[in-house]
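Participant: One file is attached below, structure_28.pdb, containing PDB, C-alpha atoms and all ligand atoms.
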ATOM      1  CA  MET L   1     210.600  91.944  69.885
ATOM      2  CA  TYR L   2     211.947  90.998  66.489
ATOM      3  CA  LYS L   3     209.446  90.081  63.808
ATOM      4  CA  PHE L   4     209.728  88.865  60.230
ATOM      5  CA  GLY L   5     208.928  91.631  57.769
ATOM      6  CA  SER L   6     206.275  91.260  55.100
ATOM      7  CA  ARG L   7     208.897  90.553  52.418
ATOM      8  CA  SER L   8     210.349  87.695  54.464
ATOM      9  CA  ILE L   9     206.874  86.281  55.106
ATOM     10  CA  LYS L  10     206.196  86.355  51.364
ATOM     11  CA  ARG L  11     209.502  84.583  50.672
ATOM     12  CA  MET L  12     208.502  81.757  53.041
ATOM     13  CA  GLU L  13     205.356  80.985  51.021
ATOM     14  CA  GLY L  14     205.367  77.404  49.769
ATOM     15  CA  VAL L  15     208.032  76.328  52.265
ATOM     16  CA  ASP L  16     207.248  73.331  54.488
ATOM     17  CA  GLN L  17     205.261  74.572  57.491
ATOM     18  CA  ALA L  18     207.601  72.802  59.916
ATOM     19  CA  LEU L  19     210.524  74.882  58.630
ATOM     20  CA  VAL L  20     208.524  78.106  58.795
ATOM     21  CA  ASP L  21     207.508  77.263  62.377
ATOM     22  CA  VAL L  22     211.169  76.719  63.278
ATOM     23  CA  ALA L  23     212.157  80.097  61.793
ATOM     24  CA  VAL L  24     209.345  81.919  63.616
ATOM     25  CA  ARG L  25     210.229  80.246  66.925
ATOM     26  CA  ALA L  26     213.935  80.920  66.360
ATOM     27  CA  LEU L  27     213.252  84.629  65.948
ATOM     28  CA  GLU L  28     211.309  84.578  69.218
ATOM     29  CA  ILE L  29     214.264  82.890  70.924
ATOM     30  CA  SER L  30     216.604  85.513  69.448
ATOM     31  CA  SER L  31     214.357  88.283  70.778
ATOM     32  CA  ASN L  32     214.715  86.895  74.284
ATOM     33  CA  ARG L  33     218.510  86.794  74.205
ATOM     34  CA  ILE L  34     220.722  89.687  75.309
ATOM     35  CA  ASP L  35     222.821  89.210  72.168
ATOM     36  CA  GLY L  36     219.734  88.606  70.033
ATOM     37  CA  ILE L  37     219.646  89.544  66.404
ATOM     38  CA  ASP L  38     216.893  90.216  63.860
ATOM     39  CA  PHE L  39     216.447  87.792  60.925
ATOM     40  CA  THR L  40     215.455  88.148  57.313
ATOM     41  CA  ILE L  41     214.892  85.779  54.401
ATOM     42  CA  PRO L  42     217.086  86.623  51.376
ATOM     43  CA  LYS L  43     215.851  86.624  47.784
ATOM     44  CA  TYR L  44     215.458  82.990  46.564
ATOM     45  CA  GLY L  45     215.737  81.905  50.227
ATOM     46  CA  GLY L  46     212.486  79.976  50.145
ATOM     47  CA  LEU L  47     210.748  77.968  47.414
ATOM     48  CA  ARG L  48     212.633  78.118  44.106
ATOM     49  CA  THR L  49     211.641  77.340  40.543
ATOM     50  CA  ALA L  50     214.097  75.435  38.327
ATOM     51  CA  LYS L  51     214.779  78.776  36.616
ATOM     52  CA  ASP L  52     215.677  80.487  39.929
ATOM     53  CA  GLN L  53     217.938  77.560  40.766
ATOM     54  CA  LYS L  54     219.732  77.735  37.393
ATOM     55  CA  LYS L  55     220.325  81.452  37.937
ATOM     56  CA  LEU L  56     222.011  80.769  41.298
ATOM     57  CA  PHE L  57     224.005  77.874  39.825
ATOM     58  CA  ASP L  58     225.308  80.043  36.951
ATOM     59  CA  ARG L  59     226.350  82.657  39.473
ATOM     60  CA  GLY L  60     228.248  80.044  41.506
ATOM     61  CA  ALA L  61     225.982  80.544  44.506
ATOM     62  CA  SER L  62     224.759  76.940  44.487
ATOM     63  CA  ARG L  63     226.062  73.564  43.398
ATOM     64  CA  ALA L  64     222.659  72.358  42.195
ATOM     65  CA  ASP L  65     221.809  73.253  38.585
ATOM     66  CA  GLY L  66     218.087  72.699  39.167
ATOM     67  CA  VAL L  67     217.679  70.004  36.509
ATOM     68  CA  THR L  68     220.078  67.070  36.892
ATOM     69  CA  ASN L  69     220.874  68.083  40.444
ATOM     70  CA  LYS L  70     217.874  69.512  42.256
ATOM     71  CA  SER L  71     218.042  71.720  45.326
ATOM     72  CA  ARG L  72     215.887  71.038  48.387
ATOM     73  CA  HIS L  73     214.680  74.598  47.825
ATOM     74  CA  GLN L  74     212.780  73.401  44.728
ATOM     75  CA  LEU L  75     210.773  71.046  46.955
ATOM     76  CA  GLY L  76     210.026  73.616  49.654
ATOM     77  CA  LYS L  77     212.169  71.610  52.070
ATOM     78  CA  ALA L  78     214.863  74.256  52.561
ATOM     79  CA  LEU L  79     214.999  77.804  53.864
ATOM     80  CA  ASP L  80     217.801  80.362  53.944
ATOM     81  CA  VAL L  81     217.819  82.651  56.963
ATOM     82  CA  ILE L  82     220.242  85.547  57.351
ATOM     83  CA  ALA L  83     220.744  88.303  59.898
ATOM     84  CA  TYR L  84     219.323  91.789  59.697
ATOM     85  CA  VAL L  85     221.615  94.248  61.416
ATOM     86  CA  ASP L  86     221.484  98.058  61.523
ATOM     87  CA  GLY L  87     218.855  98.198  58.817
ATOM     88  CA  SER L  88     220.455  95.858  56.331
ATOM     89  CA  ALA L  89     220.909  92.176  55.534
ATOM     90  CA  SER L  90     224.093  90.610  56.865
ATOM     91  CA  PHE L  91     225.889  87.488  55.648
ATOM     92  CA  GLU L  92     228.703  87.897  58.188
ATOM     93  CA  ASP L  93     229.786  84.647  59.846
ATOM     94  CA  GLU L  94     229.446  86.074  63.338
ATOM     95  CA  HIS L  95     225.831  87.085  62.693
ATOM     96  CA  LEU L  96     224.924  83.890  60.850
ATOM     97  CA  HIS L  97     226.227  81.831  63.761
ATOM     98  CA  LYS L  98     223.881  83.698  66.104
ATOM     99  CA  VAL L  99     220.990  82.900  63.779
ATOM    100  CA  ALA L 100     222.053  79.239  63.709
ATOM    101  CA  VAL L 101     222.112  78.907  67.507
ATOM    102  CA  CYS L 102     218.475  80.035  67.624
ATOM    103  CA  MET L 103     217.407  77.954  64.606
ATOM    104  CA  LEU L 104     218.906  74.773  66.059
ATOM    105  CA  GLN L 105     217.373  75.412  69.478
ATOM    106  CA  ALA L 106     213.954  76.031  67.896
ATOM    107  CA  ALA L 107     214.181  72.836  65.830
ATOM    108  CA  ASN L 108     215.056  70.932  68.970
ATOM    109  CA  GLU L 109     212.096  72.381  70.857
ATOM    110  CA  LEU L 110     209.687  71.678  68.004
ATOM    111  CA  ASN L 111     211.146  68.250  67.353
ATOM    112  CA  VAL L 112     211.975  69.025  63.724
ATOM    113  CA  LYS L 113     214.939  67.160  62.207
ATOM    114  CA  LEU L 114     216.854  70.141  60.894
ATOM    115  CA  GLU L 115     220.096  70.088  58.945
ATOM    116  CA  TRP L 116     222.226  73.242  58.917
ATOM    117  CA  GLY L 117     224.461  74.033  55.926
ATOM    118  CA  GLY L 118     227.056  75.300  58.407
ATOM    119  CA  HIS L 119     227.631  71.702  59.487
ATOM    120  CA  TRP L 120     228.511  70.530  55.990
ATOM    121  CA  LYS L 121     232.104  69.496  55.484
ATOM    122  CA  THR L 122     232.759  70.290  51.850
ATOM    123  CA  PHE L 123     230.624  73.301  51.002
ATOM    124  CA  LYS L 124     229.642  75.299  54.066
ATOM    125  CA  ASP L 125     226.392  77.155  53.484
ATOM    126  CA  LEU L 126     225.801  79.173  56.660
ATOM    127  CA  PRO L 127     222.392  80.679  55.749
ATOM    128  CA  HIS L 128     220.937  77.302  54.693
ATOM    129  CA  TYR L 129     218.587  75.034  56.675
ATOM    130  CA  GLN L 130     216.782  71.987  55.378
ATOM    131  CA  ILE L 131     214.561  69.238  56.666
ATOM    132  CA  LYS L 132     216.364  65.905  56.974
TER     133      LYS L 132
HETATM  134 ZN    ZN E 201     219.707  77.344  50.827
END
Please go through the file and, once you have read it, give me the structure as structure tokens.

Facilitator:
Amino acid sequence: MYKFGSRSIKRMEGVDQALVDVAVRALEISSNRIDGIDFTIPKYGGLRTAKDQKKLFDRGASRADGVTNKSRHQLGKALDVIAYVDGSASFEDEHLHKVAVCMLQAANELNVKLEWGGHWKTFKDLPHYQIK
């Protein structure tokens, strides 16, 4: 049975409860699959301050600068979820797609209107989930 580690739980603090519920349910779904995969929340994957957001923007990791263009992460309405494979975090497409299958199924079950960054046309953001 996969379970979020204490660091991931801490990184979900301040995030909309509906999103946290989806992530927890998704991990349960993953646990029950033969090709299941463990999840983790990356640094800055949950609630972000404007300063955190600016840091990511400067690094080219986000298109939102945190001031004129705010990220949903600054409102607690977004969560990044990545895979945890063989003892380390994985951003590999194959793994992130497995996470997404479980996240979308969980959102469906819990009736949460979830938007996945992997469905975006211009800037695909596979670890990113936000409430519509
Ligand atoms: Zn994100």

Participant: Since I can't run it myself right now, could you work out what the PyMOL selection byres (((chain L and resi 100) around 9) and not hetatm) selects here and report it as a CSV table (one decimal) with C-alpha atoms, keeping the file's coordinate frame?

Facilitator:
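Okay, part_3.csv is ready:
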chain,number,residue,atom,x,y,z
L,26,ALA,CA,213.9,80.9,66.4
L,81,VAL,CA,217.8,82.7,57.0
L,95,HIS,CA,225.8,87.1,62.7
L,96,LEU,CA,224.9,83.9,60.8
L,97,HIS,CA,226.2,81.8,63.8
L,98,LYS,CA,223.9,83.7,66.1
L,99,VAL,CA,221.0,82.9,63.8
L,101,VAL,CA,222.1,78.9,67.5
L,102,CYS,CA,218.5,80.0,67.6
L,103,MET,CA,217.4,78.0,64.6
L,104,LEU,CA,218.9,74.8,66.1
L,105,GLN,CA,217.4,75.4,69.5
L,116,TRP,CA,222.2,73.2,58.9
L,118,GLY,CA,227.1,75.3,58.4
L,126,LEU,CA,225.8,79.2,56.7
L,127,PRO,CA,222.4,80.7,55.7
L,129,TYR,CA,218.6,75.0,56.7

Participant: Residues within 10 Å of ligand ZN 201 (chain E) should be enumerated using all atoms listed in the file and returned as a ChimeraX atom specification.

Facilitator: /L:42,44-48,61-62,71-73,77-81,116-117,125-130

Participant: By how many Å are CA of Gly76 (chain L) and CA of Ala89 (chain L) apart?

Facilitator: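 Spanning CA of Gly76 (chain L) to CA of Ala89 (chain L) is a straight-line distance of 22.3 Å.
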
Participant: Run the PyMOL selection byres (((chain L and resi 22) around 8) and not hetatm) on the file and write out the hits as a list in words.

Facilitator: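 Selection result, ordered by chain and number: Ala18, Leu19, Val20, Asp21, Ala23, Val24, Arg25, Ala26, Met103, Ala106, Ala107, Leu110 and Val112 of chain L.
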
Participant: L:Ala83, L:Ile37, L:Ile9, L:Ala50: which is nearest Asn69 (chain L), counting all atoms listed in the file?

Facilitator: L:Ala50

Participant: Go ahead and compute the interatomic distance for CA of Ser88 (chain L) and CA of Asn108 (chain L), in Å to one decimal.

Facilitator: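 If I compute the distance from CA of Ser88 (chain L) to CA of Asn108 (chain L), I get 28.5 Å.
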
Participant: Figure out the distance between CA of Ile29 (chain L) and CA of Phe4 (chain L), please, to one decimal in Å.

Facilitator: 13.1 Å

Participant: Quick one: of L:Glu115, L:Thr40, L:Asp52, L:Glu109, who's nearest to Phe91 (chain L), counting only C-alpha atoms?

Facilitator: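 Of L:Glu115, L:Thr40, L:Asp52, L:Glu109, the one nearest Phe91 (chain L), counting only C-alpha atoms, is L:Thr40.
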
Participant: When the PyMOL selection byres (((chain L and resi 132) around 6) and not hetatm) is applied to the structure above, which residues does it catch, written out as a list of chain:residue names?

Facilitator: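 Going through the file, the PyMOL selection byres (((chain L and resi 132) around 6) and not hetatm) ends up selecting L:Lys113, L:Leu114, L:Glu115, L:Ile131.
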
Participant: Would you please work out which residue, of L:Lys43, L:Asn32, L:Thr122, L:Ser6, is nearest to Leu56 (chain L) when using all atoms listed in the file?

Facilitator: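 Counting all atoms listed in the file, the residue closest to Leu56 (chain L) is L:Lys43.
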
Participant: Between L:Ile41, L:Lys55, L:Phe123, L:Ser90, which one has atoms that come closest to Val15 (chain L), using only C-alpha atoms?

Facilitator: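 Answer, going by the shortest atom-to-atom distance: L:Ile41.
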
Participant: Please reconstruct the missing atoms of region 43-61 of chain L (target: N, CA, C and O atoms) and return them as a PDB file, in the coordinates of the input.

Facilitator:
ATOM      1  N   LYS L  43     216.500  86.950  49.048  1.00  0.00           N
ATOM      2  CA  LYS L  43     215.851  86.624  47.784  1.00  0.00           C
ATOM      3  C   LYS L  43     216.227  85.191  47.414  1.00  0.00           C
ATOM      4  O   LYS L  43     217.380  84.793  47.592  1.00  0.00           O
ATOM      5  N   TYR L  44     215.274  84.410  46.905  1.00  0.00           N
ATOM      6  CA  TYR L  44     215.458  82.990  46.564  1.00  0.00           C
ATOM      7  C   TYR L  44     215.745  82.134  47.804  1.00  0.00           C
ATOM      8  O   TYR L  44     216.232  81.015  47.687  1.00  0.00           O
ATOM      9  N   GLY L  45     215.451  82.649  49.003  1.00  0.00           N
ATOM     10  CA  GLY L  45     215.737  81.905  50.227  1.00  0.00           C
ATOM     11  C   GLY L  45     214.690  80.849  50.555  1.00  0.00           C
ATOM     12  O   GLY L  45     214.917  80.005  51.414  1.00  0.00           O
ATOM     13  N   GLY L  46     213.553  80.937  49.876  1.00  0.00           N
ATOM     14  CA  GLY L  46     212.486  79.976  50.145  1.00  0.00           C
ATOM     15  C   GLY L  46     212.315  79.004  48.995  1.00  0.00           C
ATOM     16  O   GLY L  46     213.280  78.374  48.561  1.00  0.00           O
ATOM     17  N   LEU L  47     211.063  78.879  48.524  1.00  0.00           N
ATOM     18  CA  LEU L  47     210.748  77.968  47.414  1.00  0.00           C
ATOM     19  C   LEU L  47     211.327  78.540  46.121  1.00  0.00           C
ATOM     20  O   LEU L  47     211.143  79.718  45.817  1.00  0.00           O
ATOM     21  N   ARG L  48     212.035  77.678  45.363  1.00  0.00           N
ATOM     22  CA  ARG L  48     212.633  78.118  44.106  1.00  0.00           C
ATOM     23  C   ARG L  48     212.085  77.333  42.925  1.00  0.00           C
ATOM     24  O   ARG L  48     211.852  76.141  43.036  1.00  0.00           O
ATOM     25  N   THR L  49     211.963  78.028  41.793  1.00  0.00           N
ATOM     26  CA  THR L  49     211.641  77.340  40.543  1.00  0.00           C
ATOM     27  C   THR L  49     212.967  76.825  39.978  1.00  0.00           C
ATOM     28  O   THR L  49     214.044  77.227  40.426  1.00  0.00           O
ATOM     29  N   ALA L  50     212.882  75.950  38.971  1.00  0.00           N
ATOM     30  CA  ALA L  50     214.097  75.435  38.327  1.00  0.00           C
ATOM     31  C   ALA L  50     214.880  76.601  37.720  1.00  0.00           C
ATOM     32  O   ALA L  50     216.110  76.606  37.723  1.00  0.00           O
ATOM     33  N   LYS L  51     214.153  77.603  37.233  1.00  0.00           N
ATOM     34  CA  LYS L  51     214.779  78.776  36.616  1.00  0.00           C
ATOM     35  C   LYS L  51     215.580  79.585  37.655  1.00  0.00           C
ATOM     36  O   LYS L  51     216.701  80.001  37.394  1.00  0.00           O
ATOM     37  N   ASP L  52     214.969  79.784  38.841  1.00  0.00           N
ATOM     38  CA  ASP L  52     215.677  80.487  39.929  1.00  0.00           C
ATOM     39  C   ASP L  52     216.962  79.735  40.266  1.00  0.00           C
ATOM     40  O   ASP L  52     218.024  80.330  40.469  1.00  0.00           O
ATOM     41  N   GLN L  53     216.819  78.405  40.352  1.00  0.00           N
ATOM     42  CA  GLN L  53     217.938  77.560  40.766  1.00  0.00           C
ATOM     43  C   GLN L  53     219.084  77.652  39.763  1.00  0.00           C
ATOM     44  O   GLN L  53     220.243  77.749  40.134  1.00  0.00           O
ATOM     45  N   LYS L  54     218.736  77.655  38.473  1.00  0.00           N
ATOM     46  CA  LYS L  54     219.732  77.735  37.393  1.00  0.00           C
ATOM     47  C   LYS L  54     220.481  79.070  37.497  1.00  0.00           C
ATOM     48  O   LYS L  54     221.697  79.134  37.314  1.00  0.00           O
ATOM     49  N   LYS L  55     219.736  80.124  37.804  1.00  0.00           N
ATOM     50  CA  LYS L  55     220.325  81.452  37.937  1.00  0.00           C
ATOM     51  C   LYS L  55     221.402  81.451  39.032  1.00  0.00           C
ATOM     52  O   LYS L  55     222.498  81.957  38.852  1.00  0.00           O
ATOM     53  N   LEU L  56     221.073  80.837  40.174  1.00  0.00           N
ATOM     54  CA  LEU L  56     222.011  80.769  41.298  1.00  0.00           C
ATOM     55  C   LEU L  56     223.211  79.890  40.964  1.00  0.00           C
ATOM     56  O   LEU L  56     224.344  80.191  41.330  1.00  0.00           O
ATOM     57  N   PHE L  57     222.942  78.808  40.229  1.00  0.00           N
ATOM     58  CA  PHE L  57     224.005  77.874  39.825  1.00  0.00           C
ATOM     59  C   PHE L  57     224.999  78.594  38.900  1.00  0.00           C
ATOM     60  O   PHE L  57     226.214  78.509  39.082  1.00  0.00           O
ATOM     61  N   ASP L  58     224.463  79.318  37.923  1.00  0.00           N
ATOM     62  CA  ASP L  58     225.308  80.043  36.951  1.00  0.00           C
ATOM     63  C   ASP L  58     226.171  81.089  37.645  1.00  0.00           C
ATOM     64  O   ASP L  58     227.271  81.400  37.206  1.00  0.00           O
ATOM     65  N   ARG L  59     225.649  81.623  38.731  1.00  0.00           N
ATOM     66  CA  ARG L  59     226.350  82.657  39.473  1.00  0.00           C
ATOM     67  C   ARG L  59     227.376  82.054  40.444  1.00  0.00           C
ATOM     68  O   ARG L  59     228.118  82.767  41.105  1.00  0.00           O
ATOM     69  N   GLY L  60     227.324  80.716  40.595  1.00  0.00           N
ATOM     70  CA  GLY L  60     228.248  80.044  41.506  1.00  0.00           C
ATOM     71  C   GLY L  60     227.784  80.053  42.953  1.00  0.00           C
ATOM     72  O   GLY L  60     228.525  79.710  43.861  1.00  0.00           O
ATOM     73  N   ALA L  61     226.511  80.443  43.151  1.00  0.00           N
ATOM     74  CA  ALA L  61     225.982  80.544  44.506  1.00  0.00           C
ATOM     75  C   ALA L  61     225.414  79.214  45.004  1.00  0.00           C
ATOM     76  O   ALA L  61     225.086  79.081  46.179  1.00  0.00           O
TER      77      ALA L  61
END
